[in-house]
file data_6.txt (compact mmCIF, C-alpha atoms and all ligand atoms)
# COMPACT_ATOMS: atom_id res chain seq x y z
CA MET A 7 107.80 87.75 111.01
CA LYS A 8 107.69 84.69 113.21
CA ILE A 9 104.34 83.71 114.76
CA THR A 10 104.81 83.12 118.48
CA SER A 11 101.24 83.32 119.72
CA ALA A 12 97.78 83.20 118.23
CA GLU A 13 94.45 83.08 120.00
CA PHE A 14 90.79 83.63 119.25
CA VAL A 15 89.67 86.81 121.02
CA GLY A 16 86.12 87.41 119.84
CA ALA A 17 83.70 87.99 117.01
CA VAL A 18 81.60 90.70 115.46
CA ALA A 19 78.17 89.49 114.38
CA LYS A 20 76.35 92.70 113.43
CA PRO A 21 77.23 95.85 111.48
CA GLY A 22 78.49 98.56 113.82
CA GLN A 23 79.42 96.20 116.67
CA PRO A 24 82.85 97.22 118.09
CA PRO A 25 85.89 94.94 117.64
CA PRO A 26 87.23 92.96 120.64
CA GLY A 27 90.18 95.32 121.15
CA LEU A 28 92.04 98.04 119.31
CA LEU A 29 95.14 96.37 117.85
CA PRO A 30 96.07 97.02 114.20
CA GLU A 31 94.06 94.72 111.92
CA ILE A 32 94.85 92.61 108.88
CA ALA A 33 91.65 91.23 107.32
CA VAL A 34 91.39 88.08 105.21
CA ALA A 35 88.56 87.82 102.67
CA GLY A 36 87.48 85.37 100.01
CA ARG A 37 84.69 83.23 98.59
CA SER A 38 83.65 80.24 100.64
CA ASN A 39 85.81 77.21 99.79
CA VAL A 40 88.64 79.40 98.46
CA GLY A 41 90.95 77.83 101.07
CA LYS A 42 90.76 80.61 103.68
CA SER A 43 90.79 78.43 106.80
CA SER A 44 93.62 76.31 105.39
CA LEU A 45 95.67 79.37 104.48
CA ILE A 46 95.14 81.03 107.87
CA ASN A 47 96.32 77.86 109.59
CA ALA A 48 99.37 77.61 107.30
CA PHE A 49 100.12 81.29 107.86
CA LEU A 50 99.93 80.87 111.62
CA GLY A 51 101.71 77.50 111.64
CA ARG A 52 98.75 76.09 113.58
CA LYS A 53 96.59 73.13 112.75
CA LYS A 54 93.36 73.95 114.48
CA LEU A 55 92.98 77.68 115.05
CA ALA A 56 90.76 78.57 112.11
CA ARG A 57 88.54 75.59 112.96
CA ILE A 58 86.94 77.86 115.53
CA SER A 59 85.39 79.72 112.63
CA LYS A 60 83.92 76.46 111.37
CA GLN A 61 81.71 76.10 114.43
CA PRO A 62 78.04 76.49 113.49
CA GLY A 63 77.02 80.15 113.63
CA ARG A 64 80.59 81.38 113.64
CA THR A 65 80.92 81.14 109.86
CA ARG A 66 78.71 84.21 109.42
CA GLU A 67 80.61 86.27 111.96
CA ILE A 68 83.83 88.23 111.69
CA ASN A 69 86.34 86.35 113.84
CA PHE A 70 89.31 88.07 115.50
CA PHE A 71 92.58 86.32 116.35
CA ARG A 72 95.26 88.10 118.37
CA ILE A 73 98.70 87.38 116.88
CA ASN A 74 101.97 87.93 118.77
CA ASP A 75 100.05 90.39 120.99
CA ARG A 76 100.72 92.77 118.11
CA PHE A 77 97.88 92.66 115.64
CA HIS A 78 94.47 91.13 114.97
CA LEU A 79 94.05 88.74 112.09
CA VAL A 80 90.42 89.32 111.06
CA ASP A 81 88.72 86.36 109.40
CA LEU A 82 85.86 87.73 107.30
CA PRO A 83 82.95 85.37 106.54
CA GLY A 84 83.24 83.68 103.15
CA TYR A 85 80.94 85.09 100.48
CA GLY A 86 79.47 83.76 97.27
CA TYR A 87 78.13 80.50 98.67
CA ALA A 88 75.82 79.55 95.82
CA LYS A 89 73.24 77.76 97.97
CA ALA A 90 72.74 80.60 100.46
CA PRO A 91 69.42 82.45 100.17
CA GLU A 92 69.63 85.94 98.67
CA GLU A 93 68.77 87.63 101.98
CA VAL A 94 71.59 85.78 103.77
CA ARG A 95 74.04 86.77 101.03
CA ARG A 96 73.00 90.39 101.37
CA ALA A 97 73.43 90.29 105.15
CA TRP A 98 76.97 88.93 104.65
CA GLY A 99 77.71 91.78 102.24
CA ARG A 100 76.43 94.39 104.67
CA LEU A 101 78.47 92.97 107.56
CA ILE A 102 81.71 92.76 105.55
CA GLU A 103 81.29 96.20 103.99
CA SER A 104 80.33 97.80 107.28
CA TYR A 105 83.48 96.38 108.86
CA LEU A 106 85.76 97.34 105.95
CA SER A 107 84.50 100.91 105.78
CA GLY A 108 84.17 101.43 109.53
CA SER A 109 87.32 99.99 111.09
CA GLN A 110 89.84 102.54 112.33
CA GLN A 111 92.49 99.86 112.90
CA LEU A 112 92.46 98.20 109.48
CA ARG A 113 95.95 98.20 107.91
CA GLY A 114 95.32 95.95 104.94
CA VAL A 115 93.09 93.35 103.34
CA VAL A 116 94.34 89.99 102.07
CA MET A 117 92.01 88.99 99.22
CA LEU A 118 92.05 85.29 98.46
CA ILE A 119 91.38 84.04 94.92
CA ASP A 120 91.35 80.40 93.84
CA ALA A 121 94.28 80.12 91.42
CA ARG A 122 92.27 77.85 89.12
CA ARG A 123 89.31 80.19 88.90
CA GLY A 124 90.70 83.71 88.91
CA ILE A 125 88.83 86.86 89.90
CA ARG A 126 85.05 86.56 89.64
CA ASP A 127 82.19 89.09 89.93
CA GLU A 128 81.77 89.03 93.70
CA ASP A 129 85.55 89.24 94.19
CA ARG A 130 85.66 92.24 91.90
CA ARG A 131 82.88 93.96 93.80
CA LEU A 132 84.70 93.51 97.10
CA PHE A 133 88.00 94.47 95.53
CA ARG A 134 86.54 97.74 94.22
CA PHE A 135 85.05 98.46 97.63
CA ILE A 136 88.46 98.01 99.29
CA GLU A 137 90.14 100.21 96.67
CA GLU A 138 87.58 102.98 97.09
CA ALA A 139 88.12 102.92 100.85
CA GLY A 140 91.82 103.43 100.14
CA THR A 141 92.82 100.32 102.09
CA PRO A 142 96.04 98.57 100.98
CA ALA A 143 95.35 95.14 99.49
CA LEU A 144 97.23 91.95 98.78
CA LEU A 145 95.86 89.55 96.21
CA VAL A 146 96.71 86.01 97.20
CA LEU A 147 96.11 83.10 94.83
CA THR A 148 95.33 79.91 96.76
CA LYS A 149 95.80 76.21 95.94
CA ILE A 150 98.63 77.02 93.51
CA ASP A 151 99.85 73.41 93.91
CA LYS A 152 96.91 72.37 91.74
CA LEU A 153 98.39 74.16 88.71
CA SER A 154 101.26 73.11 86.45
CA TRP A 155 104.34 75.31 86.45
CA SER A 156 103.40 77.02 83.19
CA ALA A 157 99.81 77.59 84.31
CA ARG A 158 101.06 79.21 87.54
CA ALA A 159 102.86 82.04 85.78
CA ALA A 160 99.80 82.65 83.61
CA ALA A 161 97.47 82.70 86.64
CA VAL A 162 99.64 85.23 88.46
CA GLU A 163 99.89 87.44 85.38
CA ARG A 164 96.15 87.33 84.78
CA ALA A 165 95.43 88.21 88.43
CA ARG A 166 97.87 91.08 88.22
CA ILE A 167 96.25 92.48 85.07
CA ASP A 168 92.68 91.86 86.33
CA SER A 169 93.36 93.58 89.66
CA GLY A 170 95.66 96.34 88.44
CA LEU A 171 97.84 95.69 91.51
CA PRO A 172 101.64 95.96 91.30
CA GLU A 173 103.61 92.72 91.07
CA ASP A 174 104.71 92.73 94.71
CA GLN A 175 101.07 92.76 95.88
CA VAL A 176 100.11 89.57 94.04
CA LEU A 177 101.23 86.30 95.67
CA ALA A 178 100.80 82.64 94.78
CA THR A 179 100.36 80.31 97.75
CA SER A 180 99.58 76.77 98.77
CA ALA A 181 98.44 75.73 102.23
CA LYS A 182 99.34 72.19 101.22
CA THR A 183 102.99 72.71 100.23
CA ARG A 184 103.50 76.03 102.09
CA GLU A 185 104.69 77.59 98.86
CA GLY A 186 104.44 81.38 99.12
CA ILE A 187 103.75 81.38 102.88
CA PRO A 188 107.08 83.06 103.79
CA ASP A 189 106.31 85.77 101.20
CA LEU A 190 102.87 86.25 102.71
CA LEU A 191 104.36 86.64 106.21
CA ALA A 192 106.78 89.26 104.85
CA SER A 193 104.01 91.13 103.02
CA VAL A 194 101.79 91.23 106.12
CA GLU A 195 104.77 92.47 108.13
CA ALA A 196 105.21 95.25 105.56
CA LEU A 197 101.52 96.26 105.85
CA LEU A 198 101.86 96.49 109.63
CA THR A 199 105.10 98.46 109.45
CA GLU A 200 103.91 100.87 106.75
CA GLY A 201 100.61 101.48 108.52
N1 LIG B 1 95.40 71.18 96.95
C1 LIG B 1 95.06 72.11 97.85
N2 LIG B 1 93.85 72.08 98.44
C2 LIG B 1 93.53 73.04 99.33
C3 LIG B 1 94.44 74.09 99.66
N3 LIG B 1 93.84 74.90 100.57
C4 LIG B 1 92.62 74.39 100.79
N4 LIG B 1 92.41 73.28 100.06
C5 LIG B 1 91.19 72.44 100.05
O1 LIG B 1 90.08 73.26 99.63
C6 LIG B 1 88.90 72.96 100.40
C7 LIG B 1 88.41 74.21 101.11
O2 LIG B 1 89.37 74.63 102.06
P1 LIG B 1 89.00 75.54 103.32
O3 LIG B 1 90.30 75.95 103.93
O4 LIG B 1 88.02 74.87 104.23
O5 LIG B 1 88.28 76.76 102.59
P2 LIG B 1 87.39 77.95 103.19
O6 LIG B 1 85.97 77.57 103.01
O7 LIG B 1 87.75 79.12 102.34
O8 LIG B 1 87.78 78.16 104.62
C8 LIG B 1 89.31 71.84 101.35
O9 LIG B 1 88.94 70.63 100.75
C9 LIG B 1 90.82 71.97 101.44
O10 LIG B 1 91.46 70.75 101.73
C10 LIG B 1 95.73 74.09 99.01
O11 LIG B 1 96.60 74.95 99.21
N5 LIG B 1 95.98 73.08 98.13
MG MG B 2 86.65 78.23 106.33
call {"tool": "encode", "arguments": {"input": "data_6.txt", "output": "structure tokens"}}
result
Amino acid sequence: MKITSAEFVGAVAKPGQPPPGLLPEIAVAGRSNVGKSSLINAFLGRKKLARISKQPGRTREINFFRINDRFHLVDLPGYGYAKAPEEVRRAWGRLIESYLSGSQQLRGVVMLIDARRGIRDEDRRLFRFIEEAGTPALLVLTKIDKLSWSARAAAVERARIDSGLPEDQVLATSAKTREGIPDLLASVEALLTEG
């Protein structure tokens, strides 16, 4: 897949609010600071697109980007921000879970995991939720450039065992070096074609 166009088309701020259009959807989820904005920009080959979701207020919304007039890339708000009050964290959870269980267009979820940290409790909770909904998932390790070559293989293997996903659904990526980005484009293409 080659990205030819990408634009912000709207946001969902409350559970149950309809999406800004009915294209097939690929959602991207991960803890705050996992490298989600950087990866989305690397994936799209754009420098500034995901910055929109950094605007105050937007970080707690689900942001929709129309790609190639063919699908929506859905940027889910980052979870697990340690300093957020409990009530705010719960509201994030409700919004994300309401979207994931309610969307009729969702073709797959790209779950981002920091390669240095591996899968943690909140990731596991979301992962189980996605599995139970029967939605196809990709597990994408981020910031892989920060690991040595030997540590990379171990991180991928651990993520594969922890998630129970088959090998071809676990990818190692770097927004910095673009390692793994072509594989991610191919995997997203496969989700859209299979769906
Ligand atoms: N070395 C390295 N750093 C990264 C990579 N991706 C993101 N970062 C850094 O990780 C921090 C968080 O990235 P950001 O994309 O804002 O994460 P978000 O909160 O998940 O959207 C920033 O300091 C980035 O520069 C990567 O692939 N390699
Ligand atoms: Mg971000």
call {"tool": "residues_near_ligand", "arguments": {"input": "data_6.txt", "ligand": "ligand LIG 1 (chain B)", "cutoff": "9 Å", "atoms": "all atoms listed in the file", "output": "ChimeraX atom specification"}}
result
/A:35-48,56-57,59-60,83-84,118,148-152,179-185
call {"tool": "closest_residue", "arguments": {"input": "data_6.txt", "among": "A:Leu190, A:Arg123, A:Ile32, A:Ile136", "to": "A:Ala157", "atoms": "all atoms listed in the file"}}
result
A:Arg123
call {"tool": "closest_residue", "arguments": {"input": "data_6.txt", "among": "A:Ser104, A:Gln111, A:Asn69, A:Thr10", "to": "ligand MG 2 (chain B)", "atoms": "only C-alpha atoms and all ligand atoms"}}
result
A:Asn69
call {"tool": "closest_residue", "arguments": {"input": "data_6.txt", "among": "A:Leu101, A:Ala19, A:Ile68, A:Lys8", "to": "ligand MG 2 (chain B)", "atoms": "only C-alpha atoms and all ligand atoms"}}
result
A:Ile68
call {"tool": "closest_residue", "arguments": {"input": "data_6.txt", "among": "A:Glu173, A:Phe49, A:Arg66, A:Val18", "to": "ligand MG 2 (chain B)", "atoms": "all atoms listed in the file"}}
result
A:Arg66
call {"tool": "closest_residue", "arguments": {"input": "data_6.txt", "among": "A:Tyr87, A:Asp75, A:Thr65, A:Gly140", "to": "A:Leu112", "atoms": "all atoms listed in the file"}}
result
A:Gly140
call {"tool": "atom_distance", "arguments": {"input": "data_6.txt", "atom1": "atom CA of A:Gln175", "atom2": "atom CA of A:Asn74"}}
result
23.4 Å
call {"tool": "atom_distance", "arguments": {"input": "data_6.txt", "atom1": "atom CA of A:Gly114", "atom2": "atom CA of A:Ala88"}}
result
27.1 Å
call {"tool": "residues_near_point", "arguments": {"input": "data_6.txt", "point": "(76.0, 91.9, 106.1)", "cutoff": "12 Å", "atoms": "all atoms listed in the file", "output": "PyMOL selection string"}}
result
chain A and resi 18-23+66-68+82-85+92-106
call {"tool": "closest_residue", "arguments": {"input": "data_6.txt", "among": "A:Lys54, A:Ala17, A:Ala178, A:Glu138", "to": "ligand MG 2 (chain B)", "atoms": "only C-alpha atoms and all ligand atoms"}}
result
A:Lys54
call {"tool": "atom_distance", "arguments": {"input": "data_6.txt", "atom1": "atom CA of A:Gln110", "atom2": "atom CA of A:Leu197"}}
result
14.8 Å
call {"tool": "residues_around", "arguments": {"input": "data_6.txt", "residues": "A:Arg134", "least_positions_apart": "2", "cutoff": "12 Å", "atoms": "all atoms listed in the file", "output": "PDB file with C-alpha atoms, in the coordinates of the input"}}
result
ATOM      1  CA  GLU A 103      81.290  96.200 103.990  1.00  0.00           C
ATOM      2  CA  LEU A 106      85.760  97.340 105.950  1.00  0.00           C
ATOM      3  CA  MET A 117      92.010  88.990  99.220  1.00  0.00           C
ATOM      4  CA  ILE A 125      88.830  86.860  89.900  1.00  0.00           C
ATOM      5  CA  ASP A 127      82.190  89.090  89.930  1.00  0.00           C
ATOM      6  CA  GLU A 128      81.770  89.030  93.700  1.00  0.00           C
ATOM      7  CA  ASP A 129      85.550  89.240  94.190  1.00  0.00           C
ATOM      8  CA  ARG A 130      85.660  92.240  91.900  1.00  0.00           C
ATOM      9  CA  ARG A 131      82.880  93.960  93.800  1.00  0.00           C
ATOM     10  CA  LEU A 132      84.700  93.510  97.100  1.00  0.00           C
ATOM     11  CA  ILE A 136      88.460  98.010  99.290  1.00  0.00           C
ATOM     12  CA  GLU A 137      90.140 100.210  96.670  1.00  0.00           C
ATOM     13  CA  GLU A 138      87.580 102.980  97.090  1.00  0.00           C
ATOM     14  CA  ALA A 139      88.120 102.920 100.850  1.00  0.00           C
ATOM     15  CA  GLY A 140      91.820 103.430 100.140  1.00  0.00           C
ATOM     16  CA  THR A 141      92.820 100.320 102.090  1.00  0.00           C
ATOM     17  CA  PRO A 142      96.040  98.570 100.980  1.00  0.00           C
ATOM     18  CA  ALA A 143      95.350  95.140  99.490  1.00  0.00           C
ATOM     19  CA  ASP A 168      92.680  91.860  86.330  1.00  0.00           C
ATOM     20  CA  SER A 169      93.360  93.580  89.660  1.00  0.00           C
ATOM     21  CA  GLY A 170      95.660  96.340  88.440  1.00  0.00           C
ATOM     22  CA  LEU A 171      97.840  95.690  91.510  1.00  0.00           C
TER      23      LEU A 171
END
call {"tool": "residues_around", "arguments": {"input": "data_6.txt", "residues": "A:Leu198", "least_positions_apart": "2", "cutoff": "9 Å", "atoms": "all atoms listed in the file", "output": "ChimeraX atom specification"}}
result
/A:30-32,77,113-114,193-196,200-201
